[in-house]
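What's in coords.txt: compact mmCIF, N, CA and C atoms and all ligand atoms
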```
# COMPACT_ATOMS: atom_id res chain seq x y z
N MET A 1 -89.97 -151.75 -61.32
CA MET A 1 -90.36 -153.11 -60.94
C MET A 1 -91.84 -153.14 -60.64
N LYS A 2 -92.64 -153.53 -61.62
CA LYS A 2 -94.10 -153.51 -61.46
C LYS A 2 -94.59 -154.83 -60.84
N ILE A 3 -95.35 -154.69 -59.76
CA ILE A 3 -95.88 -155.86 -59.06
C ILE A 3 -97.40 -155.86 -59.15
N GLY A 4 -97.99 -157.01 -59.49
CA GLY A 4 -99.45 -157.16 -59.46
C GLY A 4 -99.83 -158.05 -58.30
N ILE A 5 -100.93 -157.71 -57.64
CA ILE A 5 -101.37 -158.52 -56.50
C ILE A 5 -102.88 -158.74 -56.59
N ALA A 6 -103.31 -159.92 -56.18
CA ALA A 6 -104.75 -160.22 -56.14
C ALA A 6 -104.99 -161.29 -55.08
N SER A 7 -106.23 -161.36 -54.64
CA SER A 7 -106.61 -162.40 -53.67
C SER A 7 -108.07 -162.77 -53.86
N ASP A 8 -108.45 -163.85 -53.20
CA ASP A 8 -109.89 -164.11 -53.04
C ASP A 8 -110.27 -163.62 -51.65
N HIS A 9 -111.48 -163.97 -51.20
CA HIS A 9 -111.95 -163.50 -49.89
C HIS A 9 -111.05 -164.01 -48.75
N ALA A 10 -110.52 -165.24 -48.91
CA ALA A 10 -109.71 -165.84 -47.84
C ALA A 10 -108.34 -165.16 -47.71
N GLY A 11 -107.94 -164.44 -48.74
CA GLY A 11 -106.65 -163.77 -48.70
C GLY A 11 -106.77 -162.26 -48.61
N PHE A 12 -108.01 -161.79 -48.54
CA PHE A 12 -108.28 -160.35 -48.60
C PHE A 12 -107.55 -159.56 -47.51
N LYS A 13 -107.65 -160.02 -46.28
CA LYS A 13 -107.05 -159.28 -45.15
C LYS A 13 -105.52 -159.22 -45.31
N LEU A 14 -104.94 -160.36 -45.66
CA LEU A 14 -103.48 -160.40 -45.83
C LEU A 14 -103.06 -159.53 -47.02
N LYS A 15 -103.86 -159.55 -48.09
CA LYS A 15 -103.53 -158.72 -49.26
C LYS A 15 -103.47 -157.24 -48.87
N LYS A 16 -104.47 -156.80 -48.11
CA LYS A 16 -104.51 -155.39 -47.70
C LYS A 16 -103.23 -155.00 -46.97
N GLU A 17 -102.79 -155.87 -46.11
CA GLU A 17 -101.57 -155.62 -45.32
C GLU A 17 -100.33 -155.59 -46.22
N ILE A 18 -100.26 -156.54 -47.14
CA ILE A 18 -99.08 -156.61 -48.03
C ILE A 18 -99.05 -155.39 -48.96
N VAL A 19 -100.21 -155.00 -49.47
CA VAL A 19 -100.27 -153.82 -50.35
C VAL A 19 -99.77 -152.58 -49.59
N ALA A 20 -100.25 -152.41 -48.36
CA ALA A 20 -99.85 -151.24 -47.56
C ALA A 20 -98.34 -151.24 -47.34
N ARG A 21 -97.79 -152.39 -47.03
CA ARG A 21 -96.35 -152.46 -46.76
C ARG A 21 -95.53 -152.23 -48.02
N LEU A 22 -96.01 -152.77 -49.15
CA LEU A 22 -95.28 -152.57 -50.42
C LEU A 22 -95.26 -151.08 -50.77
N LYS A 23 -96.42 -150.43 -50.62
CA LYS A 23 -96.50 -149.00 -50.96
C LYS A 23 -95.60 -148.19 -50.05
N LYS A 24 -95.61 -148.53 -48.77
CA LYS A 24 -94.78 -147.82 -47.79
C LYS A 24 -93.30 -147.91 -48.16
N GLU A 25 -92.91 -149.04 -48.73
CA GLU A 25 -91.50 -149.24 -49.12
C GLU A 25 -91.21 -148.75 -50.53
N GLY A 26 -92.20 -148.14 -51.17
CA GLY A 26 -91.96 -147.52 -52.48
C GLY A 26 -92.08 -148.43 -53.68
N TYR A 27 -92.60 -149.64 -53.50
CA TYR A 27 -92.79 -150.55 -54.65
C TYR A 27 -93.96 -150.06 -55.50
N ASP A 28 -93.85 -150.33 -56.81
CA ASP A 28 -94.90 -149.97 -57.77
C ASP A 28 -95.88 -151.16 -57.83
N VAL A 29 -97.00 -151.04 -57.11
CA VAL A 29 -97.90 -152.18 -56.99
C VAL A 29 -99.30 -151.86 -57.53
N LYS A 30 -99.83 -152.82 -58.31
CA LYS A 30 -101.19 -152.66 -58.84
C LYS A 30 -102.08 -153.75 -58.22
N ASP A 31 -103.16 -153.30 -57.60
CA ASP A 31 -104.07 -154.21 -56.90
C ASP A 31 -105.22 -154.61 -57.83
N PHE A 32 -105.33 -155.93 -58.10
CA PHE A 32 -106.37 -156.43 -59.01
C PHE A 32 -107.58 -156.98 -58.25
N GLY A 33 -107.70 -156.66 -56.97
CA GLY A 33 -108.83 -157.10 -56.17
C GLY A 33 -108.55 -158.41 -55.44
N VAL A 34 -109.50 -158.91 -54.65
CA VAL A 34 -110.81 -158.36 -54.36
C VAL A 34 -110.71 -157.13 -53.46
N PHE A 35 -111.80 -156.39 -53.44
CA PHE A 35 -111.79 -155.17 -52.63
C PHE A 35 -112.77 -155.23 -51.47
N GLN A 36 -113.33 -156.39 -51.23
CA GLN A 36 -114.17 -156.62 -50.04
C GLN A 36 -114.12 -158.12 -49.73
N SER A 37 -114.64 -158.49 -48.56
CA SER A 37 -114.44 -159.88 -48.13
C SER A 37 -115.58 -160.84 -48.50
N LYS A 38 -116.46 -160.42 -49.40
CA LYS A 38 -117.54 -161.32 -49.88
C LYS A 38 -116.93 -162.51 -50.62
N ARG A 39 -117.55 -163.68 -50.50
CA ARG A 39 -116.98 -164.89 -51.10
C ARG A 39 -116.90 -164.80 -52.63
N VAL A 40 -115.74 -165.13 -53.17
CA VAL A 40 -115.52 -165.12 -54.63
C VAL A 40 -114.80 -166.41 -55.02
N ASP A 41 -114.53 -166.59 -56.30
CA ASP A 41 -113.79 -167.77 -56.78
C ASP A 41 -112.36 -167.35 -57.15
N TYR A 42 -111.38 -167.99 -56.50
CA TYR A 42 -109.99 -167.57 -56.68
C TYR A 42 -109.49 -167.58 -58.14
N PRO A 43 -109.99 -168.50 -59.03
CA PRO A 43 -109.47 -168.44 -60.42
C PRO A 43 -109.74 -167.10 -61.10
N ASP A 44 -110.87 -166.47 -60.76
CA ASP A 44 -111.23 -165.19 -61.39
C ASP A 44 -110.21 -164.10 -61.08
N TYR A 45 -109.56 -164.19 -59.94
CA TYR A 45 -108.59 -163.16 -59.54
C TYR A 45 -107.16 -163.59 -59.85
N GLY A 46 -106.91 -164.88 -59.72
CA GLY A 46 -105.57 -165.38 -60.06
C GLY A 46 -105.23 -165.13 -61.51
N GLU A 47 -106.22 -165.33 -62.37
CA GLU A 47 -105.95 -165.20 -63.81
C GLU A 47 -105.62 -163.76 -64.22
N LYS A 48 -106.16 -162.79 -63.51
CA LYS A 48 -105.89 -161.38 -63.87
C LYS A 48 -104.38 -161.08 -63.75
N VAL A 49 -103.79 -161.49 -62.64
CA VAL A 49 -102.37 -161.22 -62.42
C VAL A 49 -101.50 -162.14 -63.28
N ALA A 50 -101.85 -163.41 -63.33
CA ALA A 50 -101.03 -164.37 -64.09
C ALA A 50 -100.97 -163.98 -65.57
N GLN A 51 -102.08 -163.53 -66.11
CA GLN A 51 -102.12 -163.10 -67.51
C GLN A 51 -101.15 -161.94 -67.77
N GLU A 52 -101.15 -160.98 -66.86
CA GLU A 52 -100.29 -159.80 -67.01
C GLU A 52 -98.80 -160.15 -66.84
N VAL A 53 -98.51 -161.11 -65.98
CA VAL A 53 -97.12 -161.57 -65.84
C VAL A 53 -96.73 -162.33 -67.10
N SER A 54 -97.64 -163.14 -67.60
CA SER A 54 -97.37 -163.97 -68.78
C SER A 54 -96.99 -163.12 -69.99
N VAL A 55 -97.67 -162.00 -70.19
CA VAL A 55 -97.37 -161.18 -71.37
C VAL A 55 -96.30 -160.11 -71.08
N GLY A 56 -95.80 -160.08 -69.87
CA GLY A 56 -94.69 -159.18 -69.55
C GLY A 56 -95.09 -157.79 -69.10
N HIS A 57 -96.38 -157.57 -68.84
CA HIS A 57 -96.81 -156.25 -68.33
C HIS A 57 -96.45 -156.07 -66.85
N LEU A 58 -96.33 -157.19 -66.17
CA LEU A 58 -95.91 -157.16 -64.76
C LEU A 58 -94.65 -158.00 -64.63
N GLN A 59 -93.72 -157.53 -63.80
CA GLN A 59 -92.53 -158.35 -63.55
C GLN A 59 -92.81 -159.43 -62.50
N TRP A 60 -93.59 -159.05 -61.49
CA TRP A 60 -93.87 -159.96 -60.37
C TRP A 60 -95.36 -160.05 -60.10
N GLY A 61 -95.78 -161.20 -59.56
CA GLY A 61 -97.15 -161.35 -59.09
C GLY A 61 -97.17 -161.87 -57.66
N ILE A 62 -98.18 -161.44 -56.94
CA ILE A 62 -98.42 -161.95 -55.58
C ILE A 62 -99.88 -162.38 -55.54
N LEU A 63 -100.14 -163.65 -55.28
CA LEU A 63 -101.51 -164.17 -55.28
C LEU A 63 -101.80 -164.82 -53.94
N ILE A 64 -102.92 -164.45 -53.36
CA ILE A 64 -103.24 -164.92 -52.01
C ILE A 64 -104.65 -165.53 -51.98
N CYS A 65 -104.74 -166.78 -51.56
CA CYS A 65 -106.04 -167.40 -51.29
C CYS A 65 -105.97 -167.98 -49.88
N GLY A 66 -106.76 -169.00 -49.58
CA GLY A 66 -106.72 -169.55 -48.23
C GLY A 66 -105.39 -170.22 -47.92
N THR A 67 -104.90 -170.98 -48.90
CA THR A 67 -103.65 -171.74 -48.70
C THR A 67 -102.50 -171.29 -49.61
N GLY A 68 -102.85 -170.68 -50.73
CA GLY A 68 -101.88 -170.37 -51.79
C GLY A 68 -101.93 -171.41 -52.89
N ILE A 69 -102.49 -172.58 -52.58
CA ILE A 69 -102.45 -173.70 -53.53
C ILE A 69 -103.33 -173.45 -54.75
N GLY A 70 -104.56 -173.03 -54.53
CA GLY A 70 -105.48 -172.80 -55.66
C GLY A 70 -104.93 -171.75 -56.60
N MET A 71 -104.43 -170.67 -56.04
CA MET A 71 -103.85 -169.60 -56.86
C MET A 71 -102.65 -170.12 -57.66
N GLY A 72 -101.85 -170.97 -57.02
CA GLY A 72 -100.68 -171.53 -57.71
C GLY A 72 -101.09 -172.39 -58.89
N ILE A 73 -102.14 -173.19 -58.71
CA ILE A 73 -102.60 -174.05 -59.79
C ILE A 73 -103.08 -173.20 -60.97
N VAL A 74 -103.84 -172.17 -60.67
CA VAL A 74 -104.35 -171.28 -61.73
C VAL A 74 -103.19 -170.60 -62.46
N ALA A 75 -102.30 -169.99 -61.71
CA ALA A 75 -101.24 -169.17 -62.31
C ALA A 75 -100.32 -170.00 -63.21
N ASN A 76 -100.07 -171.25 -62.82
CA ASN A 76 -99.14 -172.07 -63.60
C ASN A 76 -99.73 -172.58 -64.92
N LYS A 77 -100.98 -172.24 -65.20
CA LYS A 77 -101.57 -172.55 -66.51
C LYS A 77 -101.10 -171.57 -67.58
N PHE A 78 -100.52 -170.45 -67.14
CA PHE A 78 -100.16 -169.38 -68.08
C PHE A 78 -98.71 -169.52 -68.53
N LYS A 79 -98.52 -169.26 -69.81
CA LYS A 79 -97.20 -169.37 -70.42
C LYS A 79 -96.19 -168.44 -69.71
N ASP A 80 -95.01 -168.98 -69.49
CA ASP A 80 -93.90 -168.23 -68.87
C ASP A 80 -94.16 -167.81 -67.43
N VAL A 81 -95.22 -168.33 -66.85
CA VAL A 81 -95.45 -168.08 -65.42
C VAL A 81 -94.85 -169.25 -64.64
N ARG A 82 -94.09 -168.90 -63.61
CA ARG A 82 -93.60 -169.91 -62.67
C ARG A 82 -94.05 -169.44 -61.29
N ALA A 83 -95.18 -170.00 -60.86
CA ALA A 83 -95.76 -169.60 -59.58
C ALA A 83 -95.39 -170.62 -58.52
N ALA A 84 -95.04 -170.13 -57.33
CA ALA A 84 -94.64 -171.03 -56.25
C ALA A 84 -95.36 -170.66 -54.95
N VAL A 85 -95.88 -171.67 -54.30
CA VAL A 85 -96.50 -171.45 -52.99
C VAL A 85 -95.38 -171.37 -51.96
N CYS A 86 -95.23 -170.19 -51.38
CA CYS A 86 -94.12 -169.96 -50.45
C CYS A 86 -94.65 -169.36 -49.17
N ASN A 87 -95.13 -170.20 -48.29
CA ASN A 87 -95.65 -169.68 -47.04
C ASN A 87 -94.56 -169.50 -45.98
N ASP A 88 -93.32 -169.56 -46.40
CA ASP A 88 -92.23 -169.16 -45.48
C ASP A 88 -91.06 -168.62 -46.30
N PRO A 89 -90.23 -167.78 -45.66
CA PRO A 89 -89.15 -167.09 -46.37
C PRO A 89 -88.12 -168.03 -46.99
N CYS A 90 -87.92 -169.18 -46.37
CA CYS A 90 -86.92 -170.13 -46.89
C CYS A 90 -87.35 -170.63 -48.28
N LEU A 91 -88.62 -170.99 -48.40
CA LEU A 91 -89.13 -171.43 -49.70
C LEU A 91 -89.11 -170.29 -50.71
N ALA A 92 -89.42 -169.08 -50.24
CA ALA A 92 -89.43 -167.91 -51.13
C ALA A 92 -88.04 -167.70 -51.73
N LYS A 93 -87.03 -167.88 -50.92
CA LYS A 93 -85.65 -167.68 -51.39
C LYS A 93 -85.29 -168.72 -52.46
N ILE A 94 -85.63 -169.97 -52.18
CA ILE A 94 -85.28 -171.04 -53.12
C ILE A 94 -86.13 -170.96 -54.40
N ALA A 95 -87.38 -170.54 -54.25
CA ALA A 95 -88.25 -170.39 -55.43
C ALA A 95 -87.66 -169.37 -56.40
N ARG A 96 -86.99 -168.38 -55.87
CA ARG A 96 -86.34 -167.39 -56.74
C ARG A 96 -84.98 -167.91 -57.24
N SER A 97 -84.14 -168.36 -56.33
CA SER A 97 -82.78 -168.68 -56.74
C SER A 97 -82.71 -169.94 -57.60
N HIS A 98 -83.54 -170.93 -57.33
CA HIS A 98 -83.50 -172.18 -58.11
C HIS A 98 -84.53 -172.21 -59.24
N ASN A 99 -85.72 -171.72 -58.97
CA ASN A 99 -86.83 -171.90 -59.93
C ASN A 99 -87.15 -170.65 -60.74
N ASP A 100 -86.48 -169.55 -60.45
CA ASP A 100 -86.77 -168.28 -61.13
C ASP A 100 -88.28 -168.00 -61.13
N ALA A 101 -88.92 -168.26 -60.01
CA ALA A 101 -90.37 -168.03 -59.90
C ALA A 101 -90.67 -166.56 -60.08
N ASN A 102 -91.78 -166.28 -60.76
CA ASN A 102 -92.18 -164.87 -60.94
C ASN A 102 -93.50 -164.52 -60.25
N ILE A 103 -94.13 -165.53 -59.66
CA ILE A 103 -95.33 -165.26 -58.84
C ILE A 103 -95.19 -166.00 -57.52
N ILE A 104 -95.41 -165.29 -56.44
CA ILE A 104 -95.44 -165.93 -55.12
C ILE A 104 -96.90 -166.08 -54.69
N CYS A 105 -97.23 -167.28 -54.23
CA CYS A 105 -98.59 -167.55 -53.76
C CYS A 105 -98.54 -167.77 -52.25
N LEU A 106 -99.47 -167.10 -51.57
CA LEU A 106 -99.49 -167.16 -50.10
C LEU A 106 -100.85 -167.62 -49.61
N GLY A 107 -100.85 -168.18 -48.41
CA GLY A 107 -102.10 -168.64 -47.81
C GLY A 107 -102.52 -167.73 -46.66
N GLY A 108 -103.59 -167.00 -46.87
CA GLY A 108 -104.10 -166.09 -45.83
C GLY A 108 -104.56 -166.83 -44.58
N ARG A 109 -104.89 -168.12 -44.74
CA ARG A 109 -105.32 -168.91 -43.58
C ARG A 109 -104.18 -169.75 -43.01
N ILE A 110 -103.00 -169.61 -43.61
CA ILE A 110 -101.87 -170.45 -43.22
C ILE A 110 -100.79 -169.66 -42.49
N THR A 111 -100.50 -168.49 -43.01
CA THR A 111 -99.35 -167.75 -42.50
C THR A 111 -99.76 -166.40 -41.89
N GLY A 112 -99.03 -165.98 -40.88
CA GLY A 112 -99.28 -164.68 -40.25
C GLY A 112 -98.72 -163.55 -41.11
N GLU A 113 -99.13 -162.33 -40.77
CA GLU A 113 -98.75 -161.17 -41.60
C GLU A 113 -97.24 -160.94 -41.66
N GLU A 114 -96.59 -161.05 -40.49
CA GLU A 114 -95.15 -160.79 -40.45
C GLU A 114 -94.37 -161.79 -41.30
N TYR A 115 -94.73 -163.04 -41.14
CA TYR A 115 -94.05 -164.11 -41.85
C TYR A 115 -94.30 -164.01 -43.36
N ALA A 116 -95.55 -163.67 -43.71
CA ALA A 116 -95.90 -163.51 -45.13
C ALA A 116 -95.12 -162.34 -45.73
N TRP A 117 -95.04 -161.26 -44.99
CA TRP A 117 -94.32 -160.08 -45.48
C TRP A 117 -92.84 -160.40 -45.68
N GLU A 118 -92.28 -161.11 -44.73
CA GLU A 118 -90.88 -161.52 -44.84
C GLU A 118 -90.67 -162.37 -46.10
N SER A 119 -91.63 -163.26 -46.36
CA SER A 119 -91.55 -164.12 -47.55
C SER A 119 -91.59 -163.29 -48.83
N VAL A 120 -92.48 -162.30 -48.86
CA VAL A 120 -92.59 -161.42 -50.04
C VAL A 120 -91.30 -160.65 -50.26
N LYS A 121 -90.76 -160.10 -49.17
CA LYS A 121 -89.52 -159.31 -49.28
C LYS A 121 -88.37 -160.16 -49.83
N VAL A 122 -88.22 -161.34 -49.25
CA VAL A 122 -87.15 -162.25 -49.68
C VAL A 122 -87.34 -162.61 -51.15
N PHE A 123 -88.59 -162.87 -51.52
CA PHE A 123 -88.91 -163.24 -52.90
C PHE A 123 -88.49 -162.12 -53.86
N LEU A 124 -88.84 -160.89 -53.54
CA LEU A 124 -88.55 -159.77 -54.44
C LEU A 124 -87.07 -159.42 -54.49
N GLU A 125 -86.36 -159.76 -53.43
CA GLU A 125 -84.95 -159.34 -53.35
C GLU A 125 -83.95 -160.42 -53.76
N THR A 126 -84.42 -161.65 -53.93
CA THR A 126 -83.47 -162.73 -54.24
C THR A 126 -83.30 -162.92 -55.75
N PRO A 127 -82.09 -162.83 -56.26
CA PRO A 127 -81.89 -163.04 -57.70
C PRO A 127 -81.90 -164.53 -58.07
N PHE A 128 -82.17 -164.80 -59.34
CA PHE A 128 -82.07 -166.16 -59.88
C PHE A 128 -80.59 -166.53 -59.96
N SER A 129 -80.23 -167.73 -59.52
CA SER A 129 -78.81 -168.10 -59.55
C SER A 129 -78.31 -168.54 -60.91
N GLY A 130 -79.19 -168.88 -61.85
CA GLY A 130 -78.73 -169.26 -63.19
C GLY A 130 -78.01 -170.60 -63.16
N GLY A 131 -76.95 -170.73 -63.98
CA GLY A 131 -76.16 -171.96 -64.03
C GLY A 131 -77.01 -173.17 -64.36
N ARG A 132 -76.86 -174.24 -63.57
CA ARG A 132 -77.61 -175.48 -63.84
C ARG A 132 -79.12 -175.25 -63.75
N HIS A 133 -79.51 -174.26 -62.98
CA HIS A 133 -80.95 -173.97 -62.84
C HIS A 133 -81.51 -173.37 -64.13
N TYR A 134 -80.68 -172.65 -64.83
CA TYR A 134 -81.09 -172.05 -66.11
C TYR A 134 -81.48 -173.15 -67.10
N ARG A 135 -80.63 -174.20 -67.13
CA ARG A 135 -80.89 -175.33 -68.03
C ARG A 135 -82.25 -175.96 -67.70
N ARG A 136 -82.55 -176.07 -66.42
CA ARG A 136 -83.81 -176.70 -65.99
C ARG A 136 -85.03 -175.85 -66.36
N ILE A 137 -84.87 -174.55 -66.27
CA ILE A 137 -85.97 -173.65 -66.69
C ILE A 137 -86.20 -173.83 -68.19
N GLY A 138 -85.11 -173.99 -68.93
CA GLY A 138 -85.22 -174.23 -70.38
C GLY A 138 -86.04 -175.49 -70.66
N LYS A 139 -85.86 -176.50 -69.84
CA LYS A 139 -86.61 -177.75 -70.03
C LYS A 139 -88.09 -177.55 -69.71
N ILE A 140 -88.36 -176.72 -68.73
CA ILE A 140 -89.78 -176.40 -68.41
C ILE A 140 -90.41 -175.69 -69.61
N ARG A 141 -89.66 -174.75 -70.20
CA ARG A 141 -90.17 -174.02 -71.37
C ARG A 141 -90.49 -174.96 -72.51
N LYS A 142 -89.64 -175.97 -72.69
CA LYS A 142 -89.82 -176.96 -73.74
C LYS A 142 -91.12 -177.73 -73.49
N ILE A 143 -91.33 -178.16 -72.28
CA ILE A 143 -92.55 -178.90 -71.94
C ILE A 143 -93.78 -178.02 -72.19
N GLU A 144 -93.64 -176.75 -71.82
CA GLU A 144 -94.73 -175.78 -72.00
C GLU A 144 -95.14 -175.70 -73.48
N LYS A 145 -94.12 -175.72 -74.34
CA LYS A 145 -94.37 -175.64 -75.79
C LYS A 145 -95.07 -176.89 -76.28
N ILE A 146 -94.59 -178.05 -75.82
CA ILE A 146 -95.17 -179.33 -76.24
C ILE A 146 -96.64 -179.39 -75.82
N CYS A 147 -96.96 -178.87 -74.63
CA CYS A 147 -98.32 -178.97 -74.11
C CYS A 147 -99.25 -177.87 -74.61
N ALA A 148 -98.70 -176.90 -75.34
CA ALA A 148 -99.53 -175.74 -75.74
C ALA A 148 -100.59 -176.15 -76.80
C1 LIG B 201 -111.70 -170.62 -50.27
O1 LIG B 201 -112.53 -171.09 -49.25
C2 LIG B 201 -110.47 -171.53 -50.41
O2 LIG B 201 -110.84 -172.75 -50.93
C3 LIG B 201 -109.46 -170.86 -51.30
O3 LIG B 201 -109.13 -169.63 -50.77
C4 LIG B 201 -108.11 -171.54 -51.48
O4 LIG B 201 -107.57 -171.96 -50.26
C5 LIG B 201 -107.97 -172.51 -52.53
O5 LIG B 201 -106.87 -173.02 -52.80
```
Could the structure of this file be written out as structure tokens, please?
Amino acid sequence: MKIGIASDHAGFKLKKEIVARLKKEGYDVKDFGVFQSKRVDYPDYGEKVAQEVSVGHLQWGILICGTGIGMGIVANKFKDVRAAVCNDPCLAKIARSHNDANIICLGGRITGEEYAWESVKVFLETPFSGGRHYRRIGKIRKIEKICA
């Protein structure tokens, strides 16, 4: 289960914490930066992970900016990416079970480390429920094709 993670400066501190916890739990995680807290532009880092998820090199993505919103907007431009801003575990669970999301976006200025970690864990552990939700994902794919 390969996970890619990236942040901008506003998510840097939270990213460091999440990377450490993922490694401690034995997850296969690749860090795409940033590696210091100097101001950067979140699209430059969001696109690195979203691109890799889009082509299937990564199964999961974790993107962190100030709110999670900017990263979510960037990531959802990529084919077959379903990125969801989940600053709490309840949303993380539904993003997986209903939306089959493959990237979780977090806000380093919004959520604390414990809560963010709980959201990541729930996200990685919750399966897609399929059924009627599968049909809806199919409709998203159709729209994606029309807009390509
Ligand atoms: C950076 O100041 C901030 O705008 C960015 O991290 C993010 O919150 C954008 O969505």
**Request:** Excluding range 39-51 of chain A and residues on its chain fewer than 4 positions from it, collect all residues at most 7 Å away from it, counting only N, CA and C atoms, and give them as a PyMOL selection string.
**Result:** chain A and resi 4-10+32-34+55-58+61-63+65+70-71+74-75+78+81
Requested write-out: N, CA and C atoms of the selected residues, as a PDB file, keeping the file's coordinate frame:
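Output file part01.pdb is given in full below:
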```
ATOM      1  N   GLY A   4     -97.990-157.010 -59.490  1.00  0.00           N
ATOM      2  CA  GLY A   4     -99.450-157.160 -59.460  1.00  0.00           C
ATOM      3  C   GLY A   4     -99.830-158.050 -58.300  1.00  0.00           C
ATOM      4  N   ILE A   5    -100.930-157.710 -57.640  1.00  0.00           N
ATOM      5  CA  ILE A   5    -101.370-158.520 -56.500  1.00  0.00           C
ATOM      6  C   ILE A   5    -102.880-158.740 -56.590  1.00  0.00           C
ATOM      7  N   ALA A   6    -103.310-159.920 -56.180  1.00  0.00           N
ATOM      8  CA  ALA A   6    -104.750-160.220 -56.140  1.00  0.00           C
ATOM      9  C   ALA A   6    -104.990-161.290 -55.080  1.00  0.00           C
ATOM     10  N   SER A   7    -106.230-161.360 -54.640  1.00  0.00           N
ATOM     11  CA  SER A   7    -106.610-162.400 -53.670  1.00  0.00           C
ATOM     12  C   SER A   7    -108.070-162.770 -53.860  1.00  0.00           C
ATOM     13  N   ASP A   8    -108.450-163.850 -53.200  1.00  0.00           N
ATOM     14  CA  ASP A   8    -109.890-164.110 -53.040  1.00  0.00           C
ATOM     15  C   ASP A   8    -110.270-163.620 -51.650  1.00  0.00           C
ATOM     16  N   HIS A   9    -111.480-163.970 -51.200  1.00  0.00           N
ATOM     17  CA  HIS A   9    -111.950-163.500 -49.890  1.00  0.00           C
ATOM     18  C   HIS A   9    -111.050-164.010 -48.750  1.00  0.00           C
ATOM     19  N   ALA A  10    -110.520-165.240 -48.910  1.00  0.00           N
ATOM     20  CA  ALA A  10    -109.710-165.840 -47.840  1.00  0.00           C
ATOM     21  C   ALA A  10    -108.340-165.160 -47.710  1.00  0.00           C
ATOM     22  N   PHE A  32    -105.330-155.930 -58.100  1.00  0.00           N
ATOM     23  CA  PHE A  32    -106.370-156.430 -59.010  1.00  0.00           C
ATOM     24  C   PHE A  32    -107.580-156.980 -58.250  1.00  0.00           C
ATOM     25  N   GLY A  33    -107.700-156.660 -56.970  1.00  0.00           N
ATOM     26  CA  GLY A  33    -108.830-157.100 -56.170  1.00  0.00           C
ATOM     27  C   GLY A  33    -108.550-158.410 -55.440  1.00  0.00           C
ATOM     28  N   VAL A  34    -109.500-158.910 -54.650  1.00  0.00           N
ATOM     29  CA  VAL A  34    -110.810-158.360 -54.360  1.00  0.00           C
ATOM     30  C   VAL A  34    -110.710-157.130 -53.460  1.00  0.00           C
ATOM     31  N   VAL A  55     -97.670-162.000 -70.190  1.00  0.00           N
ATOM     32  CA  VAL A  55     -97.370-161.180 -71.370  1.00  0.00           C
ATOM     33  C   VAL A  55     -96.300-160.110 -71.080  1.00  0.00           C
ATOM     34  N   GLY A  56     -95.800-160.080 -69.870  1.00  0.00           N
ATOM     35  CA  GLY A  56     -94.690-159.180 -69.550  1.00  0.00           C
ATOM     36  C   GLY A  56     -95.090-157.790 -69.100  1.00  0.00           C
ATOM     37  N   HIS A  57     -96.380-157.570 -68.840  1.00  0.00           N
ATOM     38  CA  HIS A  57     -96.810-156.250 -68.330  1.00  0.00           C
ATOM     39  C   HIS A  57     -96.450-156.070 -66.850  1.00  0.00           C
ATOM     40  N   LEU A  58     -96.330-157.190 -66.170  1.00  0.00           N
ATOM     41  CA  LEU A  58     -95.910-157.160 -64.760  1.00  0.00           C
ATOM     42  C   LEU A  58     -94.650-158.000 -64.630  1.00  0.00           C
ATOM     43  N   GLY A  61     -95.780-161.200 -59.560  1.00  0.00           N
ATOM     44  CA  GLY A  61     -97.150-161.350 -59.090  1.00  0.00           C
ATOM     45  C   GLY A  61     -97.170-161.870 -57.660  1.00  0.00           C
ATOM     46  N   ILE A  62     -98.180-161.440 -56.940  1.00  0.00           N
ATOM     47  CA  ILE A  62     -98.420-161.950 -55.580  1.00  0.00           C
ATOM     48  C   ILE A  62     -99.880-162.380 -55.540  1.00  0.00           C
ATOM     49  N   LEU A  63    -100.140-163.650 -55.280  1.00  0.00           N
ATOM     50  CA  LEU A  63    -101.510-164.170 -55.280  1.00  0.00           C
ATOM     51  C   LEU A  63    -101.800-164.820 -53.940  1.00  0.00           C
ATOM     52  N   CYS A  65    -104.740-166.780 -51.560  1.00  0.00           N
ATOM     53  CA  CYS A  65    -106.040-167.400 -51.290  1.00  0.00           C
ATOM     54  C   CYS A  65    -105.970-167.980 -49.880  1.00  0.00           C
ATOM     55  N   GLY A  70    -104.560-173.030 -54.530  1.00  0.00           N
ATOM     56  CA  GLY A  70    -105.480-172.800 -55.660  1.00  0.00           C
ATOM     57  C   GLY A  70    -104.930-171.750 -56.600  1.00  0.00           C
ATOM     58  N   MET A  71    -104.430-170.670 -56.040  1.00  0.00           N
ATOM     59  CA  MET A  71    -103.850-169.600 -56.860  1.00  0.00           C
ATOM     60  C   MET A  71    -102.650-170.120 -57.660  1.00  0.00           C
ATOM     61  N   VAL A  74    -103.840-172.170 -60.670  1.00  0.00           N
ATOM     62  CA  VAL A  74    -104.350-171.280 -61.730  1.00  0.00           C
ATOM     63  C   VAL A  74    -103.190-170.600 -62.460  1.00  0.00           C
ATOM     64  N   ALA A  75    -102.300-169.990 -61.710  1.00  0.00           N
ATOM     65  CA  ALA A  75    -101.240-169.170 -62.310  1.00  0.00           C
ATOM     66  C   ALA A  75    -100.320-170.000 -63.210  1.00  0.00           C
ATOM     67  N   PHE A  78    -100.520-170.450 -67.140  1.00  0.00           N
ATOM     68  CA  PHE A  78    -100.160-169.380 -68.080  1.00  0.00           C
ATOM     69  C   PHE A  78     -98.710-169.520 -68.530  1.00  0.00           C
ATOM     70  N   VAL A  81     -95.220-168.330 -66.850  1.00  0.00           N
ATOM     71  CA  VAL A  81     -95.450-168.080 -65.420  1.00  0.00           C
ATOM     72  C   VAL A  81     -94.850-169.250 -64.640  1.00  0.00           C
TER      73      VAL A  81
END
```
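Atom N of Ser119 in chain A lies 4.8 Å from atom N of Pro89 in chain A.
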**Request:** Rounded to one decimal place, report the CA of Ile104 in chain A-CA of Leu124 in chain A distance in Å.
**Result:** 9.3 Å
**Message:** Residues of range 1-142 of chain A classed as strand (DSSP E) by DSSP on the backbone are to be reported as a ChimeraX atom specification.
**Reply:** /A:2-7,28-31,60-65,83-85,103-107
**Message:** I need the residue nearest ligand LIG 201 (chain B) from this list: A:Phe35, A:Gly108, A:Lys13, A:Lys30. Use only N, CA and C atoms and all ligand atoms for the distance.
**Reply:**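 Between A:Phe35, A:Gly108, A:Lys13, A:Lys30, the residue approaching ligand LIG 201 (chain B) most closely is A:Gly108.
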